[in-house]
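Dropping query.txt in here (compact mmCIF, C-alpha atoms):
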# COMPACT_ATOMS: atom_id res chain seq x y z
CA MET A 1 122.30 234.63 58.17
CA LEU A 2 122.74 230.86 58.37
CA ALA A 3 119.30 230.37 59.92
CA LEU A 4 117.64 232.38 57.13
CA SER A 5 119.60 230.50 54.49
CA LEU A 6 118.63 227.12 55.96
CA ALA A 7 114.98 228.12 56.22
CA ALA A 8 114.92 229.25 52.60
CA LEU A 9 116.73 226.10 51.52
CA ALA A 10 114.22 223.91 53.37
CA ALA A 11 111.30 225.70 51.71
CA VAL A 12 112.79 225.37 48.23
CA CYS A 13 113.86 221.73 48.71
CA ALA A 14 110.42 220.73 49.99
CA ALA A 15 108.94 221.92 46.69
CA GLN A 16 111.33 219.82 44.61
CA PRO A 17 109.80 216.63 43.12
CA SER A 18 113.18 214.91 43.40
CA PHE A 19 113.83 215.90 47.02
CA LEU A 20 116.24 213.40 48.64
CA VAL A 21 115.56 210.91 45.83
CA ASP A 22 119.08 209.44 45.99
CA VAL A 23 118.53 208.61 49.65
CA LEU A 24 115.91 206.13 48.45
CA VAL A 25 118.52 204.45 46.25
CA TYR A 26 121.05 204.22 49.08
CA ARG A 27 118.40 202.82 51.42
CA ALA A 28 117.36 200.25 48.82
CA GLU A 29 121.01 199.18 48.53
CA GLY A 30 121.21 198.70 52.28
CA GLN A 31 117.97 196.73 52.24
CA ALA A 32 119.28 194.51 49.42
CA VAL A 33 122.31 193.65 51.57
CA VAL A 34 120.19 192.93 54.66
CA GLU A 35 117.69 190.80 52.76
CA GLY A 36 120.23 189.06 50.53
CA ARG A 37 118.66 190.35 47.30
CA ASP A 38 120.37 191.17 43.99
CA LEU A 39 122.20 194.46 44.55
CA TYR A 40 122.16 195.47 40.89
CA GLY A 41 118.82 193.99 39.92
CA PHE A 42 116.42 196.63 41.25
CA THR A 43 115.34 200.16 40.40
CA VAL A 44 113.50 202.62 42.62
CA THR A 45 111.41 205.79 42.22
CA GLU A 46 109.53 206.90 39.13
CA TRP A 47 112.88 207.55 37.44
CA ASP A 48 113.90 203.85 37.72
CA LEU A 49 117.16 204.63 39.50
CA PRO A 50 119.52 201.62 39.98
CA ALA A 51 122.48 201.00 42.28
CA THR A 52 125.68 202.19 40.60
CA TYR A 53 128.34 202.20 43.35
CA PRO A 54 130.71 199.34 44.33
CA PRO A 55 129.44 196.73 46.82
CA PHE A 56 131.47 198.34 49.62
CA ALA A 57 129.23 201.41 49.41
CA ALA A 58 126.16 199.21 49.85
CA LEU A 59 127.64 197.87 53.09
CA LEU A 60 127.95 201.42 54.40
CA PHE A 61 124.30 202.04 53.54
CA VAL A 62 123.05 199.12 55.67
CA PRO A 63 122.24 201.41 58.68
CA THR A 64 119.84 203.39 56.44
CA ALA A 65 117.78 200.21 56.03
CA LEU A 66 117.44 199.80 59.79
CA LEU A 67 116.03 203.25 60.50
CA PRO A 68 112.66 204.78 59.55
CA LEU A 69 112.82 206.65 56.25
CA PRO A 70 112.01 210.09 57.75
CA ALA A 71 114.91 209.67 60.19
CA VAL A 72 117.27 208.71 57.36
CA GLN A 73 116.19 211.70 55.29
CA ALA A 74 116.62 214.06 58.24
CA LEU A 75 120.10 212.68 58.94
CA PHE A 76 121.15 213.11 55.30
CA ALA A 77 119.80 216.67 55.14
CA ALA A 78 121.42 217.77 58.40
CA GLY A 79 124.58 215.80 57.74
CA ASN A 80 125.16 217.51 54.40
CA VAL A 81 124.90 220.93 56.06
CA VAL A 82 127.53 219.90 58.61
CA LEU A 83 129.69 218.43 55.84
CA LEU A 84 129.48 221.69 53.89
CA ALA A 85 130.78 223.55 56.95
CA LEU A 86 133.60 221.01 57.24
CA LEU A 87 134.38 221.39 53.53
CA VAL A 88 134.55 225.17 53.96
CA HIS A 89 137.00 224.70 56.84
CA LEU A 90 139.16 222.25 54.89
CA SER A 91 139.05 224.53 51.84
CA LEU A 92 140.27 227.51 53.84
CA ARG A 93 143.05 225.34 55.25
CA LEU A 94 143.97 224.32 51.71
CA ALA A 95 144.10 228.01 50.79
CA GLY A 96 146.37 228.75 53.75
CA ARG A 97 143.77 230.75 55.67
CA ARG A 98 142.56 230.37 59.25
CA THR A 99 138.88 229.69 59.90
CA SER A 100 137.07 232.05 62.24
CA PRO A 101 133.57 231.09 63.47
CA ALA A 102 131.97 234.07 61.75
CA LEU A 103 133.66 233.32 58.41
CA LEU A 104 132.77 229.63 58.64
CA ILE A 105 129.09 230.33 59.36
CA ALA A 106 128.77 233.03 56.68
CA ALA A 107 130.54 230.96 54.03
CA THR A 108 128.33 227.96 54.83
CA ALA A 109 125.20 230.09 54.55
CA VAL A 110 126.26 231.38 51.13
CA GLY A 111 127.71 228.06 49.96
CA LEU A 112 124.34 226.34 50.30
CA TRP A 113 123.24 228.20 47.16
CA LEU A 114 126.11 227.18 44.93
CA GLU A 115 124.35 225.00 42.37
CA PRO A 116 126.47 221.85 42.91
CA VAL A 117 125.99 222.11 46.68
CA PHE A 118 122.29 222.90 46.34
CA GLN A 119 121.73 219.88 44.06
CA THR A 120 123.66 217.70 46.51
CA MET A 121 121.29 218.87 49.26
CA VAL A 122 118.20 218.32 47.10
CA PHE A 123 119.14 214.80 46.01
CA GLY A 124 120.68 213.73 49.32
CA GLN A 125 123.94 212.92 47.56
CA ILE A 126 127.30 211.91 49.09
CA ASN A 127 129.58 214.28 47.16
CA LEU A 128 130.41 216.40 50.20
CA VAL A 129 131.60 213.48 52.32
CA LEU A 130 133.87 212.29 49.49
CA ALA A 131 135.38 215.76 49.03
CA CYS A 132 135.92 216.07 52.79
CA LEU A 133 137.65 212.68 52.98
CA VAL A 134 140.02 213.63 50.16
CA LEU A 135 140.79 217.16 51.38
CA TRP A 136 141.30 216.04 54.98
CA ASP A 137 143.71 213.33 53.85
CA LEU A 138 145.67 215.58 51.51
CA GLY A 139 145.89 218.26 54.21
CA ARG A 140 147.76 215.95 56.57
CA PRO A 141 151.56 216.25 56.69
CA ASP A 142 153.50 214.11 54.26
CA GLY A 143 154.72 211.10 56.15
CA ALA A 144 151.79 211.12 58.58
CA ARG A 145 150.75 207.62 59.57
CA GLY A 146 148.01 206.27 57.34
CA LYS A 147 148.03 209.22 54.96
CA GLY A 148 146.22 208.12 51.80
CA LEU A 149 143.88 205.71 53.55
CA ALA A 150 140.91 208.09 53.51
CA ILE A 151 141.44 208.64 49.78
CA GLY A 152 141.39 204.87 49.28
CA VAL A 153 138.15 204.57 51.24
CA ALA A 154 136.59 207.41 49.21
CA ALA A 155 137.59 205.60 46.01
CA GLY A 156 136.03 202.42 47.37
CA ILE A 157 132.72 204.23 47.80
CA LYS A 158 132.78 205.95 44.41
CA LEU A 159 135.60 205.26 41.98
CA THR A 160 136.56 208.76 40.85
CA PRO A 161 138.59 209.77 43.98
CA ALA A 162 141.15 207.10 42.95
CA ILE A 163 142.75 209.76 40.72
CA PHE A 164 144.12 211.40 43.88
CA ALA A 165 146.10 208.21 44.61
CA VAL A 166 147.67 208.61 41.16
CA HIS A 167 148.47 212.23 42.05
CA LEU A 168 150.25 211.14 45.23
CA LEU A 169 152.37 208.65 43.30
CA MET A 170 153.20 211.15 40.56
CA THR A 171 154.35 213.72 43.11
CA GLY A 172 156.76 211.31 44.80
CA ARG A 173 154.62 210.59 47.86
CA ILE A 174 154.93 206.90 47.21
CA ARG A 175 154.02 205.67 50.68
CA ALA A 176 150.81 207.71 50.79
CA GLY A 177 149.93 206.70 47.24
CA LEU A 178 150.43 203.02 47.98
CA THR A 179 148.41 203.40 51.18
CA ALA A 180 145.57 204.88 49.15
CA LEU A 181 145.71 201.99 46.68
CA ALA A 182 145.85 199.50 49.56
CA GLY A 183 142.82 201.16 51.18
CA PHE A 184 140.94 200.96 47.90
CA ALA A 185 141.89 197.29 47.49
CA GLY A 186 140.76 196.68 51.06
CA THR A 187 137.30 198.09 50.37
CA ALA A 188 137.01 195.87 47.29
CA ALA A 189 138.15 192.84 49.31
CA LEU A 190 135.63 193.56 52.07
CA GLY A 191 132.86 193.92 49.50
CA ALA A 192 133.91 190.64 47.88
CA ALA A 193 133.97 188.84 51.24
CA VAL A 194 130.44 189.93 52.18
CA LEU A 195 128.89 190.21 48.70
CA PRO A 196 130.90 187.90 46.40
CA GLY A 197 128.29 187.66 43.65
CA ALA A 198 127.63 191.40 43.55
CA SER A 199 131.39 192.08 43.53
CA VAL A 200 131.98 189.85 40.50
CA GLU A 201 129.05 191.49 38.74
CA PHE A 202 130.21 195.04 39.50
CA TRP A 203 133.94 194.68 38.75
CA THR A 204 133.46 192.66 35.56
CA ARG A 205 130.36 194.30 34.14
CA ARG A 206 128.48 197.06 35.91
CA MET A 207 131.38 199.49 36.33
CA PHE A 208 131.71 199.68 32.53
CA GLU A 209 128.02 200.43 31.90
CA THR A 210 128.03 204.23 31.64
CA GLY A 211 124.47 204.20 30.33
CA ARG A 212 123.34 202.62 33.59
CA VAL A 213 124.24 205.82 35.40
CA GLY A 214 122.26 207.99 32.97
CA LYS A 215 122.25 209.64 29.56
CA ALA A 216 125.60 211.31 28.94
CA TRP A 217 124.19 214.05 26.69
CA ILE A 218 121.66 215.65 29.05
CA VAL A 219 122.45 219.02 30.61
CA ASP A 220 122.77 217.39 34.01
CA ASN A 221 126.10 215.99 32.77
CA GLN A 222 128.74 218.71 32.98
CA SER A 223 131.70 216.56 31.95
CA LEU A 224 133.72 216.97 28.77
CA GLN A 225 131.70 214.19 27.15
CA GLY A 226 128.40 215.89 27.96
CA MET A 227 129.61 219.21 26.52
CA ILE A 228 130.92 217.62 23.31
CA ALA A 229 127.82 215.46 22.83
CA ARG A 230 125.63 218.56 22.98
CA LEU A 231 127.95 220.54 20.74
CA LEU A 232 127.92 217.82 18.07
CA HIS A 233 124.23 217.03 18.56
CA THR A 234 124.97 213.33 18.99
CA PRO A 235 124.38 210.98 21.95
CA GLU A 236 127.57 209.04 21.08
CA PRO A 237 130.52 211.41 20.49
CA GLY A 238 132.98 208.48 20.44
CA LEU A 239 136.56 209.51 19.66
CA TRP A 240 135.50 213.15 19.46
CA TRP A 241 135.19 212.89 23.23
CA ALA A 242 137.65 210.10 24.11
CA ALA A 243 140.67 211.78 22.50
CA PRO A 244 140.21 215.21 24.15
CA ALA A 245 139.44 213.48 27.46
CA ALA A 246 142.70 211.51 27.29
CA VAL A 247 144.66 214.68 26.52
CA ALA A 248 142.89 216.63 29.29
CA GLY A 249 143.57 213.82 31.75
CA LEU A 250 147.28 213.65 31.02
CA LEU A 251 147.70 217.43 30.99
CA GLY A 252 145.72 217.81 34.21
CA LEU A 253 147.87 215.29 36.09
CA TRP A 254 151.04 216.84 34.63
CA LEU A 255 149.88 220.29 35.74
CA ALA A 256 149.12 218.99 39.23
CA ARG A 257 152.61 217.53 39.50
CA ARG A 258 154.17 220.76 38.26
CA ALA A 259 152.12 222.77 40.75
CA HIS A 260 153.33 220.52 43.57
CA LEU A 261 156.96 220.99 42.52
CA ARG A 262 156.42 224.77 42.42
CA GLY A 263 155.04 224.77 45.96
CA ARG A 264 151.49 225.41 44.76
CA GLU A 265 149.89 222.43 46.46
CA SER A 266 146.41 223.97 46.45
CA TRP A 267 146.60 224.44 42.70
CA GLY A 268 147.69 220.84 42.31
CA VAL A 269 144.75 219.53 44.34
CA LEU A 270 142.31 221.63 42.32
CA ALA A 271 143.91 220.51 39.05
CA VAL A 272 143.35 216.87 40.01
CA ALA A 273 139.77 217.53 41.09
CA GLY A 274 139.04 219.44 37.89
CA THR A 275 140.59 216.66 35.83
CA ALA A 276 138.43 214.06 37.56
CA VAL A 277 135.14 215.79 36.80
CA LEU A 278 136.23 216.73 33.27
CA VAL A 279 137.29 213.30 32.03
CA SER A 280 134.72 211.19 33.86
CA PRO A 281 132.14 209.99 31.30
CA ILE A 282 129.39 211.41 33.49
CA SER A 283 129.88 214.22 36.01
CA TRP A 284 126.48 215.38 37.17
CA SER A 285 126.42 219.04 38.11
CA HIS A 286 126.31 218.10 41.81
CA HIS A 287 129.68 216.38 41.44
CA TRP A 288 131.25 219.84 41.05
CA VAL A 289 131.18 220.57 44.80
CA TRP A 290 134.92 221.16 44.31
CA CYS A 291 133.81 224.70 43.48
CA VAL A 292 133.96 225.32 47.26
CA PRO A 293 137.76 224.87 47.60
CA LEU A 294 138.21 226.56 44.22
CA LEU A 295 136.49 229.71 45.46
CA ALA A 296 138.43 229.60 48.73
CA VAL A 297 141.79 229.38 46.93
CA MET A 298 140.85 232.13 44.46
CA ALA A 299 139.65 234.52 47.18
CA ALA A 300 142.68 233.81 49.39
CA ALA A 301 144.98 235.03 46.61
CA ALA A 302 143.79 238.59 47.24
CA GLY A 303 145.87 240.98 49.32
CA PRO A 304 146.74 244.64 49.81
CA GLY A 305 146.73 246.29 46.40
CA ARG A 306 145.67 243.01 44.82
CA ARG A 307 141.88 243.01 44.55
CA TRP A 308 141.37 241.26 41.23
CA PRO A 309 141.36 237.72 42.73
CA LEU A 310 138.28 238.71 44.75
CA TYR A 311 136.53 239.94 41.62
CA ALA A 312 137.50 236.74 39.80
CA ALA A 313 136.21 234.63 42.69
CA ALA A 314 132.95 236.61 42.71
CA ALA A 315 132.52 236.01 38.96
CA VAL A 316 133.13 232.27 39.39
CA ALA A 317 130.69 232.20 42.32
CA VAL A 318 128.04 233.81 40.11
CA LEU A 319 128.67 231.18 37.44
CA PHE A 320 128.21 228.39 39.99
CA THR A 321 124.99 229.96 41.31
CA ALA A 322 123.37 231.01 38.03
CA ARG A 323 122.07 227.51 37.14
CA THR A 324 122.15 228.42 33.43
CA HIS A 325 122.14 224.78 32.30
CA TRP A 326 118.72 224.34 33.90
CA LEU A 327 117.37 227.38 32.04
CA VAL A 328 117.92 226.09 28.48
CA PRO A 329 115.30 223.77 26.90
CA HIS A 330 116.10 220.25 28.14
CA SER A 331 112.93 218.19 28.25
CA GLY A 332 112.98 215.04 26.15
CA ASP A 333 115.94 215.19 23.78
CA LEU A 334 116.03 218.98 23.43
CA ASP A 335 119.49 218.89 25.05
CA LEU A 336 120.81 217.50 21.74
CA HIS A 337 119.26 220.24 19.60
CA LEU A 338 120.40 223.42 21.29
CA PRO A 339 121.51 226.30 19.01
CA TRP A 340 125.09 227.52 19.19
CA TRP A 341 124.31 230.50 21.40
CA GLN A 342 122.79 228.28 24.09
CA GLN A 343 125.75 225.92 24.24
CA PRO A 344 127.77 228.01 26.77
CA LEU A 345 124.66 228.21 28.95
CA ALA A 346 124.17 224.43 28.76
CA SER A 347 127.82 223.65 29.61
CA PRO A 348 129.12 226.30 32.02
CA TYR A 349 131.45 224.17 34.16
CA ALA A 350 133.71 222.32 31.73
CA PRO A 351 134.86 225.46 29.82
CA LEU A 352 135.58 227.16 33.16
CA ALA A 353 137.72 224.21 34.28
CA LEU A 354 139.61 224.25 30.98
CA ALA A 355 140.17 228.02 31.20
CA LEU A 356 141.42 227.85 34.78
CA THR A 357 143.72 224.97 33.84
CA ALA A 358 145.19 227.01 30.99
CA TYR A 359 145.69 230.00 33.31
CA ALA A 360 147.39 227.86 35.96
CA ALA A 361 149.71 226.34 33.33
CA TRP A 362 150.65 229.83 32.12
CA ARG A 363 151.31 231.09 35.65
CA LEU A 364 153.37 228.04 36.61
CA ARG A 365 155.49 228.41 33.50
CA ARG A 366 156.57 231.84 34.75
CA GLU A 367 157.48 230.54 38.19
CA GLY A 368 160.61 228.59 39.02
CA PRO A 369 160.81 225.46 41.19
CA ARG A 370 160.53 226.02 44.92
CA PRO A 371 163.84 226.13 46.75
CA THR A 372 165.12 222.89 48.26
CA GLY A 373 167.60 222.17 51.03
Show me the file's structure as structure tokens.
Amino acid sequence: MLALSLAALAAVCAAQPSFLVDVLVYRAEGQAVVEGRDLYGFTVTEWDLPATYPPFAALLFVPTALLPLPAVQALFAAGNVVLLALLVHLSLRLAGRRTSPALLIAATAVGLWLEPVFQTMVFGQINLVLACLVLWDLGRPDGARGKGLAIGVAAGIKLTPAIFAVHLLMTGRIRAGLTALAGFAGTAALGAAVLPGASVEFWTRRMFETGRVGKAWIVDNQSLQGMIARLLHTPEPGLWWAAPAAVAGLLGLWLARRAHLRGRESWGVLAVAGTAVLVSPISWSHHWVWCVPLLAVMAAAAGPGRRWPLYAAAAVAVLFTARTHWLVPHSGDLDLHLPWWQQPLASPYAPLALALTAYAAWRLRREGPRPTG
């Protein structure tokens, strides 16, 4: 099953014009470090893709500049398959389920076709390694030495995982939260020591340039801002996006804290992950690889005489495989002129996250705090 899935994936990916295109960006970042060139002054590929991550990430990409490009592409492709298997394992652990070899292999074979995972494979993205770092760290016992450090490193590579450090602090795990912040500060300090000019440029200017990452209104962007921009037919939703995003961010973190206090740690982790991709100005569809632990937690809720969680998980899996946002007209600026009936197809992920958040809040309201002592 896994062999067939990988063969089909290889055939489909090879036909994609953007196959492993982000690997070219990462390699160019590594080359800029090796050659002492301006890290944020270049673009690559026909899409004029620039470097958008902190300088610390560019340091990690240096090995890609020292290897032949085919070897780098092969390592990224194979590495993402292994990382998906690891994410499946960590997701089952989060859901309180043991991982058998057969289940791990089957889930990996199927998971390759979830749209966020598939796009990660096609582009050669790093979403899976970030999710694995965060889930591995959160799955360690509270009080474990160095807990939080992996979250800090993930945030140093790409800023959004920093929200999990906030979650640790809000749930009373102060030592782990401070360790995460210290790890993040350490990555910034290392980047500043090796690339001082690039660090000043990134932390004072580039990190605020959302437009540098891409157009927020295209269907690729499945964040709250992308959904609202398409709904209002405007590339700049302004406060119409900022205000709901602020509310969603506060409510998401509050819900995560409440879930932790109710003994629903898996719900809390998913609430933080959902909040991160919702409120980020741009969350490309491949950033939603958190659908893997979401499906694991939903399916694990099933039991004898309780089949509906499996049906719900199957419905969510269909939504994450249907690729409806790629089916609506989206060439040029057609993303901004979609009729009302195509809006749910263009923005499938954000409404799902909001609906699941509302359901979790309702369920947690009915449950009392977990016993202490």
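Neighbours of Leu20 in chain A closer than or equal to 9 Å, with all atoms listed in the file counted and sequence neighbours fewer than 4 positions away skipped, come out as Cys13, Leu24, Gln73, Phe76, Ala77, Thr120, Met121, Val122, Phe123, Gly124 and Gln125 of chain A.
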Contact residues around Val219 in chain A with all atoms listed in the file at 9 Å, ignoring same-chain residues under 6 positions, as a PDB file with C-alpha atoms, in the coordinates of the input:
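Result written to selection_16.pdb:
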ATOM      1  CA  GLY A 226     128.400 215.890  27.960  1.00  0.00           C
ATOM      2  CA  MET A 227     129.610 219.210  26.520  1.00  0.00           C
ATOM      3  CA  ARG A 230     125.630 218.560  22.980  1.00  0.00           C
ATOM      4  CA  TRP A 284     126.480 215.380  37.170  1.00  0.00           C
ATOM      5  CA  SER A 285     126.420 219.040  38.110  1.00  0.00           C
ATOM      6  CA  HIS A 325     122.140 224.780  32.300  1.00  0.00           C
ATOM      7  CA  TRP A 326     118.720 224.340  33.900  1.00  0.00           C
ATOM      8  CA  VAL A 328     117.920 226.090  28.480  1.00  0.00           C
ATOM      9  CA  HIS A 330     116.100 220.250  28.140  1.00  0.00           C
ATOM     10  CA  ASP A 335     119.490 218.890  25.050  1.00  0.00           C
ATOM     11  CA  ALA A 346     124.170 224.430  28.760  1.00  0.00           C
ATOM     12  CA  SER A 347     127.820 223.650  29.610  1.00  0.00           C
TER      13      SER A 347
END
Please identify all polymer residues within 12 Å of range 307-315 of chain A, counting only C-alpha atoms, omitting same-chain residues fewer than 3 positions from it, and present them as a PyMOL selection string.
-> chain A and resi 110+114+291-304+318-322+352+356
Quick one: everything within 8 Å of Gly30 in chain A, counting all atoms listed in the file, minus sequence neighbours fewer than 4 positions away in the same chain. Send it as JSON, numbers by chain.
-> {"A": [26, 34, 58, 59, 60, 61, 62, 63, 64, 65]}
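Within the 8 Å cut-off around Ala198 in chain A, using all atoms listed in the file and omitting residues fewer than 3 positions from it on the same chain, the listed residues are Asp38, Leu39, Tyr40, Pro55, Ala192, Leu195, Glu201 and Phe202 of chain A.
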Do you know which residues lie at most 12 Å from (111.8, 208.3, 41.2), with coordinates as in the file and only C-alpha atoms counted, and could you write them as a ChimeraX atom specification?
-> /A:17-25,43-50,123
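Using only C-alpha atoms, the nearest neighbour of Arg27 in chain A within the list A:Ala95, A:Ala51, A:Ala78, A:Ala109 is A:Ala51.
The smallest atom-to-atom distance between Arg365 in chain A and any of A:Val279, A:Ala182, A:Ala259, A:Ala15, using all atoms listed in the file, is found for A:Ala259.
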Polymer residues at most 12 Å from (158.9, 213.7, 47.2) by all atoms listed in the file, as a ChimeraX atom specification = /A:142-143,167-177,257,260-261,263,372
Could you take the residues named above and write them with C-alpha atoms, as a PDB file, keeping the file's coordinate frame?
ATOM      1  CA  ASP A 142     153.500 214.110  54.260  1.00  0.00           C
ATOM      2  CA  GLY A 143     154.720 211.100  56.150  1.00  0.00           C
ATOM      3  CA  HIS A 167     148.470 212.230  42.050  1.00  0.00           C
ATOM      4  CA  LEU A 168     150.250 211.140  45.230  1.00  0.00           C
ATOM      5  CA  LEU A 169     152.370 208.650  43.300  1.00  0.00           C
ATOM      6  CA  MET A 170     153.200 211.150  40.560  1.00  0.00           C
ATOM      7  CA  THR A 171     154.350 213.720  43.110  1.00  0.00           C
ATOM      8  CA  GLY A 172     156.760 211.310  44.800  1.00  0.00           C
ATOM      9  CA  ARG A 173     154.620 210.590  47.860  1.00  0.00           C
ATOM     10  CA  ILE A 174     154.930 206.900  47.210  1.00  0.00           C
ATOM     11  CA  ARG A 175     154.020 205.670  50.680  1.00  0.00           C
ATOM     12  CA  ALA A 176     150.810 207.710  50.790  1.00  0.00           C
ATOM     13  CA  GLY A 177     149.930 206.700  47.240  1.00  0.00           C
ATOM     14  CA  ARG A 257     152.610 217.530  39.500  1.00  0.00           C
ATOM     15  CA  HIS A 260     153.330 220.520  43.570  1.00  0.00           C
ATOM     16  CA  LEU A 261     156.960 220.990  42.520  1.00  0.00           C
ATOM     17  CA  GLY A 263     155.040 224.770  45.960  1.00  0.00           C
ATOM     18  CA  THR A 372     165.120 222.890  48.260  1.00  0.00           C
TER      19      THR A 372
END
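Interatomic distance, CA of Val289 in chain A against CA of Gly152 in chain A: 19.3 Å.
Comparing the minimum interatomic distances between Asn221 in chain A and each of A:Asn127, A:Ser283, A:Ser331, A:Gln343, counting all atoms listed in the file, we find that A:Ser283 sits nearest.
Comparing A:Val194, A:Leu253, A:Ala165, A:Ala361 by their smallest distance to Gly36 in chain A, the closest is A:Val194 (using all atoms listed in the file).
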Computed interatomic separation between CA of Leu336 in chain A and CA of Lys215 in chain A (Å) = 11.2 Å
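In this structure, CA of Ala8 in chain A sits 14.4 Å away from CA of Gln119 in chain A.
The residue that comes closest to Glu29 in chain A, out of A:Leu66, A:Leu6, A:Ala273, A:Ala355 and on the basis of all atoms listed in the file, is A:Leu66.
The smallest atom-to-atom distance between Ala193 in chain A and any of A:Ala271, A:Leu354, A:Gly211, A:Phe56, using only C-alpha atoms, is found for A:Phe56.
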